[in-house]
$ cat target_36.csv   # CSV, C-alpha atoms (C1' of nucleotides) and all ligand atoms
chain,number,residue,atom,x,y,z
A,1,MET,CA,-193.6,-109.4,218.3
A,2,SER,CA,-191.8,-108.8,221.6
A,3,ASP,CA,-190.8,-112.4,221.6
A,4,ALA,CA,-188.9,-113.4,224.6
A,5,HIS,CA,-186.1,-115.9,224.8
A,6,SER,CA,-187.2,-119.5,225.3
A,7,HIS,CA,-184.1,-121.5,225.8
A,8,THR,CA,-183.0,-122.5,229.3
A,9,HIS,CA,-180.6,-119.8,230.3
A,10,SER,CA,-178.1,-120.3,233.0
A,11,HIS,CA,-178.1,-118.3,236.2
A,12,GLY,CA,-175.1,-116.8,237.8
A,13,GLN,CA,-173.8,-119.2,240.5
A,14,SER,CA,-173.6,-116.9,243.5
A,15,CYS,CA,-174.7,-117.9,246.9
A,16,VAL,CA,-173.9,-121.6,246.8
A,17,VAL,CA,-173.7,-123.8,249.9
A,18,SER,CA,-171.5,-126.9,250.4
A,19,ARG,CA,-173.1,-130.3,250.1
A,20,GLY,CA,-172.6,-131.1,253.7
A,21,GLU,CA,-173.8,-127.8,255.1
A,22,THR,CA,-176.9,-128.0,252.9
A,23,GLU,CA,-178.0,-131.3,254.5
A,24,ALA,CA,-177.8,-129.6,258.0
A,25,LEU,CA,-179.8,-126.6,256.8
A,26,VAL,CA,-182.4,-128.8,255.1
A,27,ASP,CA,-183.0,-130.7,258.4
A,28,GLU,CA,-183.2,-127.4,260.3
A,29,PHE,CA,-185.6,-126.0,257.7
A,30,VAL,CA,-187.9,-129.1,257.8
A,31,ALA,CA,-187.9,-129.0,261.5
A,32,SER,CA,-189.2,-125.4,261.6
A,33,LEU,CA,-191.7,-126.3,259.0
A,34,ARG,CA,-193.2,-129.0,261.2
A,35,ALA,CA,-194.8,-126.3,263.3
A,36,ASP,CA,-196.7,-125.2,260.2
A,37,GLY,CA,-198.1,-128.7,259.6
A,38,PHE,CA,-195.6,-129.8,257.0
A,39,ARG,CA,-194.5,-133.5,256.8
A,40,ARG,CA,-191.1,-134.6,255.9
A,41,THR,CA,-191.7,-136.0,252.4
A,42,ASP,CA,-189.2,-136.9,249.7
A,43,ALA,CA,-190.5,-134.1,247.5
A,44,LEU,CA,-190.1,-131.5,250.2
A,45,VAL,CA,-186.6,-132.6,251.0
A,46,ALA,CA,-185.6,-132.7,247.4
A,47,LEU,CA,-187.0,-129.2,246.8
A,48,LEU,CA,-185.3,-127.7,249.8
A,49,ARG,CA,-182.0,-129.4,248.9
A,50,VAL,CA,-182.0,-127.6,245.6
A,51,MET,CA,-183.2,-124.2,246.7
A,52,ILE,CA,-180.9,-124.1,249.7
A,53,ARG,CA,-177.8,-125.5,248.0
A,54,ASN,CA,-178.2,-123.0,245.3
A,55,HIS,CA,-180.1,-120.0,246.6
A,56,GLN,CA,-181.5,-118.6,243.4
A,57,PRO,CA,-184.9,-117.8,241.8
A,58,TYR,CA,-186.4,-120.8,240.0
A,59,THR,CA,-189.4,-121.1,237.7
A,60,LEU,CA,-191.7,-124.0,238.4
A,61,ALA,CA,-190.5,-125.5,235.1
A,62,GLU,CA,-186.9,-125.4,236.2
A,63,LEU,CA,-187.8,-127.0,239.5
A,64,ALA,CA,-189.5,-129.8,237.7
A,65,GLU,CA,-186.3,-130.6,235.9
A,66,VAL,CA,-184.3,-131.0,239.0
A,67,GLU,CA,-182.9,-134.4,240.1
A,68,ASP,CA,-185.3,-136.2,242.5
A,69,LEU,CA,-188.1,-133.9,241.3
A,70,ARG,CA,-188.0,-134.9,237.7
A,71,GLU,CA,-190.5,-137.8,238.1
A,72,ARG,CA,-192.8,-135.7,240.3
A,73,ASP,CA,-196.1,-134.2,239.1
A,74,GLN,CA,-196.0,-130.5,238.4
A,75,ALA,CA,-199.0,-130.0,240.6
A,76,THR,CA,-197.0,-131.5,243.5
A,77,ILE,CA,-194.2,-129.1,243.1
A,78,TYR,CA,-196.7,-126.2,242.6
A,79,ARG,CA,-198.5,-127.0,245.8
A,80,LEU,CA,-195.3,-127.4,247.8
A,81,VAL,CA,-194.1,-124.0,246.6
A,82,MET,CA,-197.4,-122.4,247.3
A,83,LYS,CA,-197.6,-123.9,250.7
A,84,LEU,CA,-194.1,-122.7,251.5
A,85,LYS,CA,-195.2,-119.2,250.3
A,86,ASP,CA,-198.2,-119.2,252.6
A,87,ALA,CA,-195.9,-120.1,255.4
A,88,GLY,CA,-193.8,-117.1,254.6
A,89,LYS,CA,-190.8,-119.3,253.6
A,90,MET,CA,-190.9,-118.7,249.9
A,91,ARG,CA,-190.9,-115.5,247.9
A,92,GLN,CA,-192.5,-115.1,244.5
A,93,LEU,CA,-190.5,-112.9,242.2
A,94,ASN,CA,-192.0,-111.4,239.0
A,95,LEU,CA,-188.8,-111.0,237.1
A,96,ALA,CA,-190.2,-111.8,233.6
A,97,GLY,CA,-193.5,-111.4,232.0
A,98,ARG,CA,-195.5,-114.6,232.0
A,99,VAL,CA,-193.7,-116.9,234.4
A,100,SER,CA,-193.1,-116.5,238.1
A,101,TYR,CA,-189.8,-117.2,239.8
A,102,PHE,CA,-189.6,-118.5,243.3
A,103,GLN,CA,-186.8,-118.2,245.8
A,104,LEU,CA,-186.6,-119.6,249.3
A,105,VAL,CA,-186.6,-117.1,252.2
A,106,LEU,CA,-183.4,-117.6,254.1
A,107,PRO,CA,-182.8,-115.3,257.1
A,108,GLY,CA,-180.0,-112.8,256.4
A,109,HIS,CA,-180.2,-113.4,252.7
A,110,HIS,CA,-181.4,-110.7,250.4
A,111,HIS,CA,-180.6,-110.4,246.7
A,112,ASP,CA,-181.3,-108.0,243.8
A,113,TYR,CA,-181.0,-109.1,240.2
A,114,LEU,CA,-179.9,-108.1,236.7
A,115,ARG,CA,-181.9,-109.5,233.8
A,116,CYS,CA,-180.9,-109.4,230.1
A,117,GLU,CA,-183.8,-108.3,227.9
A,118,SER,CA,-182.3,-110.2,225.1
A,119,CYS,CA,-181.4,-113.7,226.3
A,120,GLY,CA,-183.2,-113.7,229.6
A,121,GLU,CA,-180.0,-114.4,231.7
A,122,VAL,CA,-180.6,-113.6,235.4
A,123,GLN,CA,-177.6,-112.6,237.5
A,124,GLU,CA,-177.3,-111.7,241.2
A,125,VAL,CA,-176.2,-108.1,241.8
A,126,PRO,CA,-172.8,-108.3,243.4
A,127,LEU,CA,-173.2,-105.1,245.4
A,128,PRO,CA,-174.6,-104.5,248.8
A,129,CYS,CA,-178.2,-103.2,248.9
A,130,ALA,CA,-178.9,-100.0,250.7
A,131,LEU,CA,-182.7,-100.0,250.5
A,132,ALA,CA,-183.4,-101.1,254.1
A,133,GLU,CA,-183.1,-97.5,255.1
A,134,VAL,CA,-185.6,-96.4,252.4
A,135,GLU,CA,-188.0,-99.1,253.7
A,136,ARG,CA,-187.8,-97.7,257.2
A,137,GLU,CA,-188.4,-94.2,255.9
A,138,LEU,CA,-191.5,-95.3,253.9
A,139,MET,CA,-193.0,-97.2,256.8
A,140,HIS,CA,-192.5,-94.2,259.0
A,141,SER,CA,-193.8,-91.6,256.6
A,142,LEU,CA,-196.6,-93.5,254.8
A,143,GLY,CA,-197.7,-96.0,257.5
A,144,TRP,CA,-197.0,-99.1,255.5
A,145,LYS,CA,-196.0,-102.2,257.5
A,146,GLY,CA,-193.6,-105.1,257.0
A,147,LEU,CA,-192.0,-103.8,253.8
A,148,HIS,CA,-189.4,-105.7,251.9
A,149,HIS,CA,-188.6,-105.1,248.2
A,150,GLU,CA,-187.8,-106.5,244.9
A,151,LEU,CA,-185.3,-104.8,242.7
A,152,GLU,CA,-184.3,-105.8,239.2
A,153,PHE,CA,-181.9,-104.1,236.8
A,154,ILE,CA,-182.8,-104.6,233.2
A,155,GLY,CA,-180.6,-104.2,230.2
A,156,LEU,CA,-178.2,-106.2,227.9
A,157,CYS,CA,-175.7,-108.6,229.3
A,158,PRO,CA,-172.1,-108.5,228.1
A,159,ALA,CA,-172.7,-111.3,225.7
A,160,CYS,CA,-175.8,-109.7,224.1
A,161,ALA,CA,-174.4,-106.2,224.1
A,162,ASP,CA,-171.6,-107.4,221.6
B,1,MET,CA,-204.1,-121.1,248.4
B,2,SER,CA,-202.1,-117.9,248.2
B,3,ASP,CA,-205.1,-116.3,246.7
B,4,ALA,CA,-204.6,-112.8,245.5
B,5,HIS,CA,-207.1,-109.9,245.6
B,6,SER,CA,-209.3,-109.8,242.5
B,7,HIS,CA,-211.3,-106.6,242.8
B,8,THR,CA,-210.3,-103.5,240.9
B,9,HIS,CA,-208.1,-101.6,243.2
B,10,SER,CA,-207.4,-97.9,242.8
B,11,HIS,CA,-203.9,-96.6,242.0
B,12,GLY,CA,-202.5,-93.6,243.7
B,13,GLN,CA,-203.2,-90.6,241.5
B,14,SER,CA,-199.7,-89.1,241.2
B,15,CYS,CA,-198.2,-87.8,238.0
B,16,VAL,CA,-201.3,-86.4,236.4
B,17,VAL,CA,-201.2,-84.0,233.5
B,18,SER,CA,-203.8,-81.3,232.6
B,19,ARG,CA,-206.3,-82.0,229.8
B,20,GLY,CA,-204.8,-79.3,227.5
B,21,GLU,CA,-201.2,-80.2,228.1
B,22,THR,CA,-202.1,-83.9,227.4
B,23,GLU,CA,-203.3,-83.1,223.9
B,24,ALA,CA,-200.1,-81.4,223.0
B,25,LEU,CA,-198.0,-84.3,224.4
B,26,VAL,CA,-200.1,-86.8,222.5
B,27,ASP,CA,-199.5,-85.0,219.2
B,28,GLU,CA,-195.8,-84.9,220.0
B,29,PHE,CA,-195.8,-88.5,220.9
B,30,VAL,CA,-197.6,-89.6,217.8
B,31,ALA,CA,-195.3,-87.5,215.6
B,32,SER,CA,-192.2,-89.2,217.0
B,33,LEU,CA,-193.9,-92.6,216.5
B,34,ARG,CA,-194.4,-91.9,212.8
B,35,ALA,CA,-190.7,-92.6,212.4
B,36,ASP,CA,-191.3,-96.1,213.6
B,37,GLY,CA,-194.1,-96.8,211.1
B,38,PHE,CA,-197.0,-96.0,213.3
B,39,ARG,CA,-200.2,-94.4,211.9
B,40,ARG,CA,-202.4,-92.0,213.7
B,41,THR,CA,-205.4,-94.1,214.5
B,42,ASP,CA,-208.2,-93.5,216.9
B,43,ALA,CA,-207.1,-96.4,219.0
B,44,LEU,CA,-203.6,-95.2,219.3
B,45,VAL,CA,-204.6,-91.6,220.2
B,46,ALA,CA,-207.1,-92.9,222.8
B,47,LEU,CA,-204.5,-95.1,224.3
B,48,LEU,CA,-201.8,-92.4,224.5
B,49,ARG,CA,-204.4,-89.9,225.9
B,50,VAL,CA,-205.0,-92.2,228.9
B,51,MET,CA,-201.5,-93.2,229.5
B,52,ILE,CA,-200.0,-89.7,229.3
B,53,ARG,CA,-202.8,-88.0,231.1
B,54,ASN,CA,-202.4,-90.4,234.0
B,55,HIS,CA,-198.9,-91.7,233.9
B,56,GLN,CA,-199.4,-95.0,235.8
B,57,PRO,CA,-199.1,-98.8,235.2
B,58,TYR,CA,-202.2,-100.3,233.6
B,59,THR,CA,-203.2,-103.9,233.0
B,60,LEU,CA,-204.5,-104.8,229.5
B,61,ALA,CA,-207.9,-105.3,231.2
B,62,GLU,CA,-207.8,-101.9,232.7
B,63,LEU,CA,-207.0,-100.3,229.4
B,64,ALA,CA,-209.8,-102.1,227.8
B,65,GLU,CA,-212.2,-100.4,230.2
B,66,VAL,CA,-211.1,-96.9,229.2
B,67,GLU,CA,-213.4,-94.5,227.4
B,68,ASP,CA,-212.8,-94.6,223.6
B,69,LEU,CA,-211.2,-98.0,224.0
B,70,ARG,CA,-214.1,-99.8,225.5
B,71,GLU,CA,-215.5,-100.9,222.2
B,72,ARG,CA,-212.1,-102.0,220.9
B,73,ASP,CA,-211.0,-105.5,220.5
B,74,GLN,CA,-208.7,-106.7,223.2
B,75,ALA,CA,-206.3,-107.9,220.5
B,76,THR,CA,-206.1,-104.4,219.1
B,77,ILE,CA,-205.1,-102.9,222.5
B,78,TYR,CA,-202.7,-105.8,223.0
B,79,ARG,CA,-201.0,-105.3,219.7
B,80,LEU,CA,-200.7,-101.5,220.2
B,81,VAL,CA,-199.1,-102.0,223.6
B,82,MET,CA,-196.7,-104.6,222.2
B,83,LYS,CA,-195.7,-102.5,219.3
B,84,LEU,CA,-195.1,-99.5,221.5
B,85,LYS,CA,-193.0,-101.8,223.7
B,86,ASP,CA,-191.0,-102.9,220.7
B,87,ALA,CA,-190.4,-99.3,219.8
B,88,GLY,CA,-189.0,-98.7,223.3
B,89,LYS,CA,-192.0,-96.5,224.2
B,90,MET,CA,-193.7,-98.8,226.6
B,91,ARG,CA,-192.4,-100.6,229.7
B,92,GLN,CA,-193.8,-103.9,230.9
B,93,LEU,CA,-193.8,-104.1,234.7
B,94,ASN,CA,-194.3,-107.3,236.6
B,95,LEU,CA,-195.8,-106.0,239.7
B,96,ALA,CA,-198.2,-108.8,240.4
B,97,GLY,CA,-198.1,-112.5,239.7
B,98,ARG,CA,-200.3,-113.4,236.7
B,99,VAL,CA,-201.0,-110.2,235.0
B,100,SER,CA,-198.6,-107.7,233.5
B,101,TYR,CA,-198.8,-103.9,233.9
B,102,PHE,CA,-197.8,-101.5,231.2
B,103,GLN,CA,-196.6,-97.9,231.5
B,104,LEU,CA,-195.6,-95.5,228.9
B,105,VAL,CA,-192.0,-94.4,228.8
B,106,LEU,CA,-191.9,-90.6,229.2
B,107,PRO,CA,-188.5,-89.0,229.2
B,108,GLY,CA,-187.6,-87.7,232.6
B,109,HIS,CA,-190.2,-89.8,234.3
B,110,HIS,CA,-189.2,-92.7,236.5
B,111,HIS,CA,-191.3,-94.2,239.3
B,112,ASP,CA,-190.9,-96.9,241.9
B,113,TYR,CA,-193.9,-98.5,243.6
B,114,LEU,CA,-195.4,-99.8,246.8
B,115,ARG,CA,-197.7,-102.8,246.5
B,116,CYS,CA,-200.0,-104.1,249.3
B,117,GLU,CA,-199.8,-107.9,249.5
B,118,SER,CA,-203.2,-108.0,251.0
B,119,CYS,CA,-205.4,-105.8,248.9
B,120,GLY,CA,-203.2,-105.3,245.8
B,121,GLU,CA,-203.2,-101.5,246.0
B,122,VAL,CA,-200.3,-100.0,244.0
B,123,GLN,CA,-198.9,-96.6,245.0
B,124,GLU,CA,-196.1,-94.5,243.6
B,125,VAL,CA,-193.1,-94.0,245.9
B,126,PRO,CA,-193.1,-90.3,246.9
B,127,LEU,CA,-189.3,-90.2,247.3
B,128,PRO,CA,-186.5,-89.5,244.8
B,129,CYS,CA,-184.8,-92.6,243.5
B,130,ALA,CA,-181.0,-92.8,243.9
B,131,LEU,CA,-180.4,-95.9,241.8
B,132,ALA,CA,-179.0,-94.3,238.7
B,133,GLU,CA,-175.6,-94.2,240.3
B,134,VAL,CA,-175.8,-97.9,241.0
B,135,GLU,CA,-176.7,-98.5,237.4
B,136,ARG,CA,-173.6,-96.7,236.2
B,137,GLU,CA,-171.5,-98.7,238.6
B,138,LEU,CA,-173.0,-102.0,237.4
B,139,MET,CA,-172.5,-101.1,233.7
B,140,HIS,CA,-168.9,-100.1,234.4
B,141,SER,CA,-167.9,-103.1,236.5
B,142,LEU,CA,-169.9,-105.9,234.9
B,143,GLY,CA,-170.2,-104.8,231.3
B,144,TRP,CA,-174.0,-104.6,231.0
B,145,LYS,CA,-175.5,-102.0,228.8
B,146,GLY,CA,-178.5,-99.8,228.8
B,147,LEU,CA,-179.6,-100.6,232.3
B,148,HIS,CA,-182.8,-99.3,233.8
B,149,HIS,CA,-184.6,-100.8,236.8
B,150,GLU,CA,-187.8,-101.8,238.3
B,151,LEU,CA,-188.2,-101.4,242.1
B,152,GLU,CA,-191.1,-102.4,244.1
B,153,PHE,CA,-191.7,-102.3,247.8
B,154,ILE,CA,-194.0,-104.9,249.1
B,155,GLY,CA,-195.9,-105.0,252.4
B,156,LEU,CA,-199.2,-104.0,254.0
B,157,CYS,CA,-200.8,-100.7,253.2
B,158,PRO,CA,-202.1,-98.5,256.1
B,159,ALA,CA,-205.7,-99.8,255.5
B,160,CYS,CA,-204.7,-103.5,255.6
B,161,ALA,CA,-202.2,-103.1,258.4
B,162,ASP,CA,-205.1,-102.0,260.8
C,1,DC,C1',-196.9,-152.9,266.4
C,2,DG,C1',-201.9,-152.0,264.2
C,3,DG,C1',-205.3,-148.4,263.7
C,4,DT,C1',-206.7,-143.6,262.9
C,5,DT,C1',-206.0,-138.9,261.5
C,6,DT,C1',-204.7,-135.7,258.3
C,7,DG,C1',-201.3,-133.9,255.2
C,8,DT,C1',-199.6,-135.3,250.4
C,9,DT,C1',-199.6,-136.8,245.7
C,10,DG,C1',-200.9,-138.3,240.8
C,11,DC,C1',-204.0,-137.7,237.3
C,12,DA,C1',-206.9,-135.3,234.5
C,13,DA,C1',-209.7,-131.5,233.7
C,14,DG,C1',-210.3,-126.5,233.9
C,15,DC,C1',-209.1,-121.5,233.9
C,16,DC,C1',-207.8,-117.3,231.9
C,17,DA,C1',-204.7,-113.7,230.3
C,18,DA,C1',-202.2,-113.5,226.6
C,19,DT,C1',-201.2,-114.6,221.6
C,20,DT,C1',-201.9,-115.6,216.8
C,21,DG,C1',-203.9,-116.5,211.9
C,22,DC,C1',-206.6,-114.6,208.5
C,23,DA,C1',-209.5,-111.7,205.9
C,24,DC,C1',-211.2,-107.1,205.8
C,25,DT,C1',-210.5,-102.1,206.6
C,26,DT,C1',-208.2,-97.7,206.6
C,27,DA,C1',-204.3,-94.2,207.0
C,28,DA,C1',-200.8,-92.2,204.3
C,29,DG,C1',-198.4,-90.9,200.2
C,30,DG,C1',-198.2,-89.9,195.3
D,1,DC,C1',-208.4,-91.5,193.2
D,2,DC,C1',-205.2,-95.5,193.6
D,3,DT,C1',-201.8,-98.2,195.7
D,4,DT,C1',-199.4,-100.0,199.6
D,5,DA,C1',-198.6,-101.3,204.1
D,6,DA,C1',-200.3,-100.7,208.7
D,7,DG,C1',-204.3,-101.6,211.7
D,8,DT,C1',-208.4,-104.1,213.2
D,9,DG,C1',-212.2,-107.6,214.4
D,10,DC,C1',-213.2,-112.2,215.2
D,11,DA,C1',-212.4,-116.6,216.5
D,12,DA,C1',-209.3,-120.1,217.8
D,13,DT,C1',-205.2,-121.4,220.3
D,14,DT,C1',-201.5,-121.4,223.8
D,15,DG,C1',-199.4,-122.2,228.1
D,16,DG,C1',-198.6,-121.4,232.8
D,17,DC,C1',-200.7,-122.3,236.3
D,18,DT,C1',-204.8,-124.1,239.4
D,19,DT,C1',-208.2,-127.4,241.2
D,20,DG,C1',-211.2,-131.6,242.3
D,21,DC,C1',-210.9,-136.0,243.7
D,22,DA,C1',-209.5,-140.6,245.0
D,23,DA,C1',-205.5,-143.2,246.4
D,24,DC,C1',-201.3,-142.8,249.6
D,25,DA,C1',-198.5,-142.3,253.5
D,26,DA,C1',-196.3,-139.6,257.4
D,27,DA,C1',-197.4,-138.8,262.3
D,28,DC,C1',-199.5,-139.9,266.2
D,29,DC,C1',-201.8,-142.9,269.7
D,30,DG,C1',-202.7,-146.6,272.5
A,201,MN,MN,-178.6,-116.2,249.2
A,202,MN,MN,-194.7,-89.9,235.5
A,203,ZN,ZN,-178.2,-111.5,227.3
A,204,ZN,ZN,-203.8,-103.2,251.3

$ encode --input "target_36.csv" --output "structure tokens"
Amino acid sequence: MSDAHSHTHSHGQSCVVSRGETEALVDEFVASLRADGFRRTDALVALLRVMIRNHQPYTLAELAEVEDLRERDQATIYRLVMKLKDAGKMRQLNLAGRVSYFQLVLPGHHHDYLRCESCGEVQEVPLPCALAEVERELMHSLGWKGLHHELEFIGLCPACAD
Amino acid sequence: MSDAHSHTHSHGQSCVVSRGETEALVDEFVASLRADGFRRTDALVALLRVMIRNHQPYTLAELAEVEDLRERDQATIYRLVMKLKDAGKMRQLNLAGRVSYFQLVLPGHHHDYLRCESCGEVQEVPLPCALAEVERELMHSLGWKGLHHELEFIGLCPACAD
DNA sequence: CGGTTTGTTGCAAGCCAATTGCACTTAAGG
DNA sequence: CCTTAAGTGCAATTGGCTTGCAACAAACCG
């Protein structure tokens, strides 16, 4: 009942960075991480390479499939992701029910998503997001601090809609 | 690492319905459910009573604590919730990491939420939501169907912000 | 370049909310 | 009543994390 998709679905390929530019960003990212006690390990570099090159939400399982991370222990990837989260460099998205998605925090990048209830496809919303203003209003009127948001549109993708 | 709150936090108490009005709505709800093969059982009535009376997101654990559901098996509550979801009468929200929240679908009711990253408090957004227009635009331009959305603002509640 | 400190990793075990199989019970309809 | 299909309790299982611990290896220091 309520069974979800289980195949590996493809994400939309928005927000991609060139191979060369990625390397520079990785170096920069690692450098800033040094201040938080991170060391430049192969696993960290491989992880950042993927998540910067293709700025999308990934499940831990998806990350474990990535080149240069394939032979890594799942616990290693898990701890890297969590440590990045603690450092404020990783965001945990709860797009689907049982699994979490993770996406690197890149200054100036914010994305909302569309998710298909039928096949699980996740696609970036190709429209500008106007919620920053609402955030300001909420912080001002309710006294909350440091608000950001997570917005997901849910429905049937063109393929599943027939 | 990244440890979340674990105590039972209170929800904001918006969207409450009077005791008498609730009974009428429950009867109406059950009646419409009959078309989907539902039977009027004590567990179903108790569940609807809670979720209509206080239209909020609940975890399965929270539902299991409710009067008249306390002595029920967790599997019973789980299957009721899932069957309602399959019938399109229940929405599964992914507000937090490991546990799902469920909220009854009531025509004309739509809510967005604020969640405190520190204490886990969940509060309804007291402003009107203007995303229906964006949904129409997305369906029109991208070909998705039946879109609804889930919007959550995340930050520090007044208490946790000091 | 050794030696020391401390973050990192593999491996295996554990955790826990959800999920399911099965036999029994009960609402609903005739 | 009697039949049929939905609902339920109970126990066992799943699966996505999550953690303890010993072995490793960046970074740093003299
Ligand atoms: Mn991006
Ligand atoms: Mn409501
Ligand atoms: Zn689809
Ligand atoms: Zn708080």

$ residues_near_ligand --input "target_36.csv" --ligand "ligand MN 202 (chain A)" --cutoff "6 Å" --atoms "all atoms listed in the file" --output "list in words"
Cys15, His55 and His109 of chain B

$ write_last_selection --input "target_36.csv" --atoms "C-alpha atoms" --output "compact mmCIF listing (two decimals), keeping the file's coordinate frame"
# COMPACT_ATOMS: atom_id res chain seq x y z
CA CYS B 15 -198.20 -87.80 238.00
CA HIS B 55 -198.90 -91.70 233.90
CA HIS B 109 -190.20 -89.80 234.30

$ atom_distance --input "target_36.csv" --atom1 "C1' of DA22 in chain D" --atom2 "C1' of DT5 in chain C"
17.0 Å

$ residues_near_ligand --input "target_36.csv" --ligand "ligand ZN 204 (chain A)" --cutoff "6 Å" --atoms "only C-alpha atoms (C1' of nucleotides) and all ligand atoms" --output "PyMOL selection string"
chain B and resi 116+118-121+156-157+159-160

$ residues_near_ligand --input "target_36.csv" --ligand "ligand MN 201 (chain A)" --cutoff "10 Å" --atoms "only C-alpha atoms (C1' of nucleotides) and all ligand atoms" --output "number ranges by chain"
A: 14-17, 51-57, 103-111, 124

$ write_last_selection --input "target_36.csv" --atoms "C-alpha atoms" --output "PDB file, keeping the file's coordinate frame"
ATOM      1  CA  SER A  14    -173.600-116.900 243.500  1.00  0.00           C
ATOM      2  CA  CYS A  15    -174.700-117.900 246.900  1.00  0.00           C
ATOM      3  CA  VAL A  16    -173.900-121.600 246.800  1.00  0.00           C
ATOM      4  CA  VAL A  17    -173.700-123.800 249.900  1.00  0.00           C
ATOM      5  CA  MET A  51    -183.200-124.200 246.700  1.00  0.00           C
ATOM      6  CA  ILE A  52    -180.900-124.100 249.700  1.00  0.00           C
ATOM      7  CA  ARG A  53    -177.800-125.500 248.000  1.00  0.00           C
ATOM      8  CA  ASN A  54    -178.200-123.000 245.300  1.00  0.00           C
ATOM      9  CA  HIS A  55    -180.100-120.000 246.600  1.00  0.00           C
ATOM     10  CA  GLN A  56    -181.500-118.600 243.400  1.00  0.00           C
ATOM     11  CA  PRO A  57    -184.900-117.800 241.800  1.00  0.00           C
ATOM     12  CA  GLN A 103    -186.800-118.200 245.800  1.00  0.00           C
ATOM     13  CA  LEU A 104    -186.600-119.600 249.300  1.00  0.00           C
ATOM     14  CA  VAL A 105    -186.600-117.100 252.200  1.00  0.00           C
ATOM     15  CA  LEU A 106    -183.400-117.600 254.100  1.00  0.00           C
ATOM     16  CA  PRO A 107    -182.800-115.300 257.100  1.00  0.00           C
ATOM     17  CA  GLY A 108    -180.000-112.800 256.400  1.00  0.00           C
ATOM     18  CA  HIS A 109    -180.200-113.400 252.700  1.00  0.00           C
ATOM     19  CA  HIS A 110    -181.400-110.700 250.400  1.00  0.00           C
ATOM     20  CA  HIS A 111    -180.600-110.400 246.700  1.00  0.00           C
ATOM     21  CA  GLU A 124    -177.300-111.700 241.200  1.00  0.00           C
TER      22      GLU A 124
END

$ interface_residues --input "target_36.csv" --of "chain C" --to "chain A" --cutoff "8 Å" --atoms "only C-alpha atoms (C1' of nucleotides)" --output "mmCIF file with C-alpha atoms (C1' of nucleotides), in the frame of the given file"
data_model
loop_
_atom_site.group_PDB
_atom_site.id
_atom_site.type_symbol
_atom_site.label_atom_id
_atom_site.label_comp_id
_atom_site.auth_asym_id
_atom_site.auth_seq_id
_atom_site.Cartn_x
_atom_site.Cartn_y
_atom_site.Cartn_z
ATOM 1 C "C1'" DG C 7 -201.300 -133.900 255.200
ATOM 2 C "C1'" DT C 9 -199.600 -136.800 245.700
ATOM 3 C "C1'" DG C 10 -200.900 -138.300 240.800
#

$ interface_residues --input "target_36.csv" --of "chain B" --to "chain A" --cutoff "8 Å" --atoms "all atoms listed in the file" --output "number ranges by chain"
B: 1-2, 82-83, 85-86, 92-100, 135, 142-158, 161
